[in-house]
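Student: Okay, here's the structure, questions in a sec.
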Amino acid sequence: MNYGVDEQEPVIRIEGIGKAFGGMEVLSGVDLIVHRGETLTLLGGSGSGKSVLLGIMIGLLHTDRGRVMIQGKEVTAFRTESEWKEIWTRVGFLFQGAALFDSMSVRDNIAFPLEIHTGLNRPEIDEKVSRLLDMVGLGEIQDKMPSELSGGMQKRVALARTIALEPEIIFYDEPTTGLDPITSDTIGDLIRDLQKRLTITSLIVTHDIRLAFKVADRVSMLHEGKILLTAPIEEIRENPDPKVREFLYG
């Protein structure tokens with residue numbers, strides 16, 4: 001479903017984004033595009049501005065200058081919830097901390113967006129919840145509570161909830177934070193598998209280089225509030241820039 005959007009136009013276009021807090025400039029004119037169906041990983045160290053950029057893209061922060069276009073809509077010009085509503089029916093967001101509802105079972109967590117935004121009846125919702133859990137590699141855990149799950153399982157449940165409304169775009173905020181390397185690899189494999197199966201456009205904000213190398217079609221590096229470079233993953237590995245090599249290889 002393309003909602004009349006030009007298939008050749010980048011799904012996400014960021015132009016000249018600048019943002020300062022208390023006189024300190026965090027973003028200094030960021031330009032970036034994300035193509036339809038690709039996974040772009042935005043790499044950056046602590047304080048590089050990547051979380052601020054993500055906050056602007058999803059409407060949590062206002063930009064001081066520049067604009068963000070998502071599927072042809074200038075979201076940085078939005079000022080009301082109703083303006084965002086159409087975009088959010090097409091976009092999924094995986095929060096850094098999974099953000100599951102503690103008082104709800106796994107089933108109810110995943111069913112929540114389906115109950116709010118679709119006309120499905122209860123049996124249809126239950127059937128879809130089961131399919132979504134199968135897609136993220138979890139079996140019959142619908143009745144468990146989030147507190148009974150490991151961090152990796154919580155992330156997978158959150159991902160199942162994220163794809164419940166069949167979004168065209170997914171934003172991932174540090175999807176492997178707090179996970180051990182083996183579990184992080186599992187999450188990376190899952191992201192890549194869903195990308196191929198569902199043809200989703202994905203933007204992953206992370207400092208996890210291992211994850212970037214596993215899932216990205218292209219990598220963009222944010223350094224001191226600016227995009228240092230954007231390139232396919234194989235070009236990033238061999239890039240001679242000292243700043244790139246220091247970040248990647250220490």
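By order of appearance in the structure tokens: chains A, B, ..., then residues from 1 within every chain, and ligands from 1 in the order shown.
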Taking only residues of stretch 73-134 of chain A that have an atom at most 12 Å from an atom of stretch 197-214 of chain A, what is each one's shortest atom pair and its distance in Å to one decimal, using only C-alpha atoms, in chain and number order, as JSON lines?
Tutor:
{"residue": "A:Arg90", "atom": "CA", "partner": "A:Ile200", "partner_atom": "CA", "distance": 10.4}
{"residue": "A:Val91", "atom": "CA", "partner": "A:Thr201", "partner_atom": "CA", "distance": 9.5}
{"residue": "A:Gly92", "atom": "CA", "partner": "A:Ser202", "partner_atom": "CA", "distance": 9.4}
{"residue": "A:Phe93", "atom": "CA", "partner": "A:Leu203", "partner_atom": "CA", "distance": 9.8}
{"residue": "A:Leu94", "atom": "CA", "partner": "A:Ile204", "partner_atom": "CA", "distance": 9.5}
{"residue": "A:Phe95", "atom": "CA", "partner": "A:Val205", "partner_atom": "CA", "distance": 10.6}
{"residue": "A:Gln96", "atom": "CA", "partner": "A:Thr206", "partner_atom": "CA", "distance": 9.7}
Student: Can you list every residue in stretch 8-206 of chain A that DSSP puts in strand (DSSP E or B), as an MDAnalysis selection string?
Tutor: chainID A and resid 12:21 24:34 39:43 65:70 73:74 91:94 169:173 201:206
Student: Let's have the selection written as a PDB file, in the first residue's frame, with C-alpha atoms.
Tutor:
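In the end it all went to out.pdb:
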ATOM      1  CA  ILE A  12      12.433   9.616   4.626  1.00  0.00           C
ATOM      2  CA  ARG A  13      14.174  12.858   3.660  1.00  0.00           C
ATOM      3  CA  ILE A  14      16.001  14.963   6.253  1.00  0.00           C
ATOM      4  CA  GLU A  15      17.153  18.386   5.130  1.00  0.00           C
ATOM      5  CA  GLY A  16      19.341  20.816   7.086  1.00  0.00           C
ATOM      6  CA  ILE A  17      18.144  19.833  10.542  1.00  0.00           C
ATOM      7  CA  GLY A  18      19.613  21.978  13.307  1.00  0.00           C
ATOM      8  CA  LYS A  19      18.861  21.831  17.023  1.00  0.00           C
ATOM      9  CA  ALA A  20      20.351  23.540  20.077  1.00  0.00           C
ATOM     10  CA  PHE A  21      19.645  23.307  23.791  1.00  0.00           C
ATOM     11  CA  MET A  24      24.659  24.434  22.781  1.00  0.00           C
ATOM     12  CA  GLU A  25      24.213  23.179  19.227  1.00  0.00           C
ATOM     13  CA  VAL A  26      23.541  19.432  19.123  1.00  0.00           C
ATOM     14  CA  LEU A  27      22.635  19.073  15.433  1.00  0.00           C
ATOM     15  CA  SER A  28      24.394  21.308  12.927  1.00  0.00           C
ATOM     16  CA  GLY A  29      22.622  20.869   9.596  1.00  0.00           C
ATOM     17  CA  VAL A  30      21.867  17.159   9.137  1.00  0.00           C
ATOM     18  CA  ASP A  31      20.954  15.864   5.671  1.00  0.00           C
ATOM     19  CA  LEU A  32      19.938  12.247   5.159  1.00  0.00           C
ATOM     20  CA  ILE A  33      17.677  10.119   2.962  1.00  0.00           C
ATOM     21  CA  VAL A  34      16.280   6.616   3.495  1.00  0.00           C
ATOM     22  CA  THR A  39      17.594  -0.717   6.253  1.00  0.00           C
ATOM     23  CA  LEU A  40      19.687   2.309   7.151  1.00  0.00           C
ATOM     24  CA  THR A  41      21.584   2.289  10.413  1.00  0.00           C
ATOM     25  CA  LEU A  42      22.407   5.628  12.022  1.00  0.00           C
ATOM     26  CA  LEU A  43      25.570   5.106  14.047  1.00  0.00           C
ATOM     27  CA  ARG A  65      15.718  24.752  11.414  1.00  0.00           C
ATOM     28  CA  GLY A  66      15.419  22.341   8.511  1.00  0.00           C
ATOM     29  CA  ARG A  67      12.694  19.818   7.803  1.00  0.00           C
ATOM     30  CA  VAL A  68      11.858  16.114   7.871  1.00  0.00           C
ATOM     31  CA  MET A  69       9.744  14.570   5.121  1.00  0.00           C
ATOM     32  CA  ILE A  70       8.140  11.151   5.684  1.00  0.00           C
ATOM     33  CA  LYS A  73       4.655  14.791   4.265  1.00  0.00           C
ATOM     34  CA  GLU A  74       6.628  17.519   6.059  1.00  0.00           C
ATOM     35  CA  VAL A  91       4.965   3.835  11.045  1.00  0.00           C
ATOM     36  CA  GLY A  92       6.069   1.453  13.783  1.00  0.00           C
ATOM     37  CA  PHE A  93       8.437   2.324  16.620  1.00  0.00           C
ATOM     38  CA  LEU A  94      10.485  -0.071  18.724  1.00  0.00           C
ATOM     39  CA  ILE A 169       8.359   2.103   8.136  1.00  0.00           C
ATOM     40  CA  ILE A 170       9.925   1.059  11.447  1.00  0.00           C
ATOM     41  CA  PHE A 171      12.114   3.239  13.646  1.00  0.00           C
ATOM     42  CA  TYR A 172      14.339   1.271  16.023  1.00  0.00           C
ATOM     43  CA  ASP A 173      15.789   3.088  19.039  1.00  0.00           C
ATOM     44  CA  THR A 201      11.768   0.529   5.335  1.00  0.00           C
ATOM     45  CA  SER A 202      13.840   0.599   8.518  1.00  0.00           C
ATOM     46  CA  LEU A 203      15.876   3.265  10.301  1.00  0.00           C
ATOM     47  CA  ILE A 204      17.911   1.915  13.197  1.00  0.00           C
ATOM     48  CA  VAL A 205      19.500   4.355  15.653  1.00  0.00           C
ATOM     49  CA  THR A 206      22.301   2.645  17.543  1.00  0.00           C
TER      50      THR A 206
END
Student: Can you tell me, as a list in words, what residues are no more than 12 Å from A:Ile116 when counting only C-alpha atoms, ignoring any on the same chain fewer than 5 positions away?
Tutor: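 Everything that qualifies: Thr89, Asp108, Asn109, Ile110, Ala111, Asn121, Ile125, Ala164 and Leu165 of chain A.
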Student: Keeping only N, CA, C and O atoms, write those residues as a compact mmCIF listing (two decimals), in the first residue's frame.
Tutor:
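Written out: selection.txt:
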# COMPACT_ATOMS: atom_id res chain seq x y z
N THR A 89 -0.24 5.64 11.41
CA THR A 89 -0.86 4.40 10.95
C THR A 89 0.08 3.64 10.01
O THR A 89 -0.14 2.47 9.73
N ASP A 108 -2.31 -9.42 25.44
CA ASP A 108 -2.98 -8.13 25.48
C ASP A 108 -2.08 -6.99 25.02
O ASP A 108 -2.55 -6.01 24.45
N ASN A 109 -0.77 -7.11 25.28
CA ASN A 109 0.16 -6.10 24.79
C ASN A 109 0.15 -6.03 23.27
O ASN A 109 0.09 -4.94 22.68
N ILE A 110 0.19 -7.18 22.62
CA ILE A 110 0.23 -7.21 21.16
C ILE A 110 -1.14 -6.88 20.58
O ILE A 110 -1.25 -6.24 19.52
N ALA A 111 -2.20 -7.30 21.28
CA ALA A 111 -3.56 -7.05 20.79
C ALA A 111 -3.96 -5.59 20.89
O ALA A 111 -4.83 -5.12 20.14
N ASN A 121 -12.41 -8.76 15.08
CA ASN A 121 -13.07 -9.27 16.28
C ASN A 121 -12.06 -10.04 17.13
O ASN A 121 -10.92 -10.24 16.74
N ILE A 125 -8.26 -11.27 16.27
CA ILE A 125 -7.11 -10.67 16.95
C ILE A 125 -6.24 -11.75 17.58
O ILE A 125 -5.00 -11.72 17.46
N ALA A 164 2.34 -5.24 14.28
CA ALA A 164 0.94 -5.71 14.30
C ALA A 164 0.08 -4.99 13.27
O ALA A 164 -0.81 -5.59 12.66
N LEU A 165 0.31 -3.70 13.08
CA LEU A 165 -0.50 -2.91 12.15
C LEU A 165 0.11 -2.85 10.75
O LEU A 165 -0.29 -2.03 9.93
Student: Using atom CA of A:Ser184 and atom CA of A:Lys155 as the two end points, give the distance in Å to one decimal.
Tutor: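 Result for atom CA of A:Ser184 versus atom CA of A:Lys155: 10.1 Å, one decimal.
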Student: Tell me, in Å to one decimal, how far atom CA of A:Ser82 is from atom CA of A:Ile163.
Tutor: 21.8 Å
Student: Pick the closest to A:Glu234 from A:Arg161, A:Arg107, A:Arg218, A:Lys85: which is it, counting only C-alpha atoms?
Tutor: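 Checking each of A:Arg161, A:Arg107, A:Arg218, A:Lys85 against A:Glu234, counting only C-alpha atoms, the winner is A:Arg218.
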Student: Please identify all polymer residues within 9 Å of A:Ala98, counting only C-alpha atoms, omitting same-chain residues fewer than 3 positions from it, and present them as a list in words.
Tutor: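 Answer for this query is Leu94, Phe95, Gly151, Gln154, Lys155, Arg156, Val157, Ala158, Leu159 and Pro175 of chain A.
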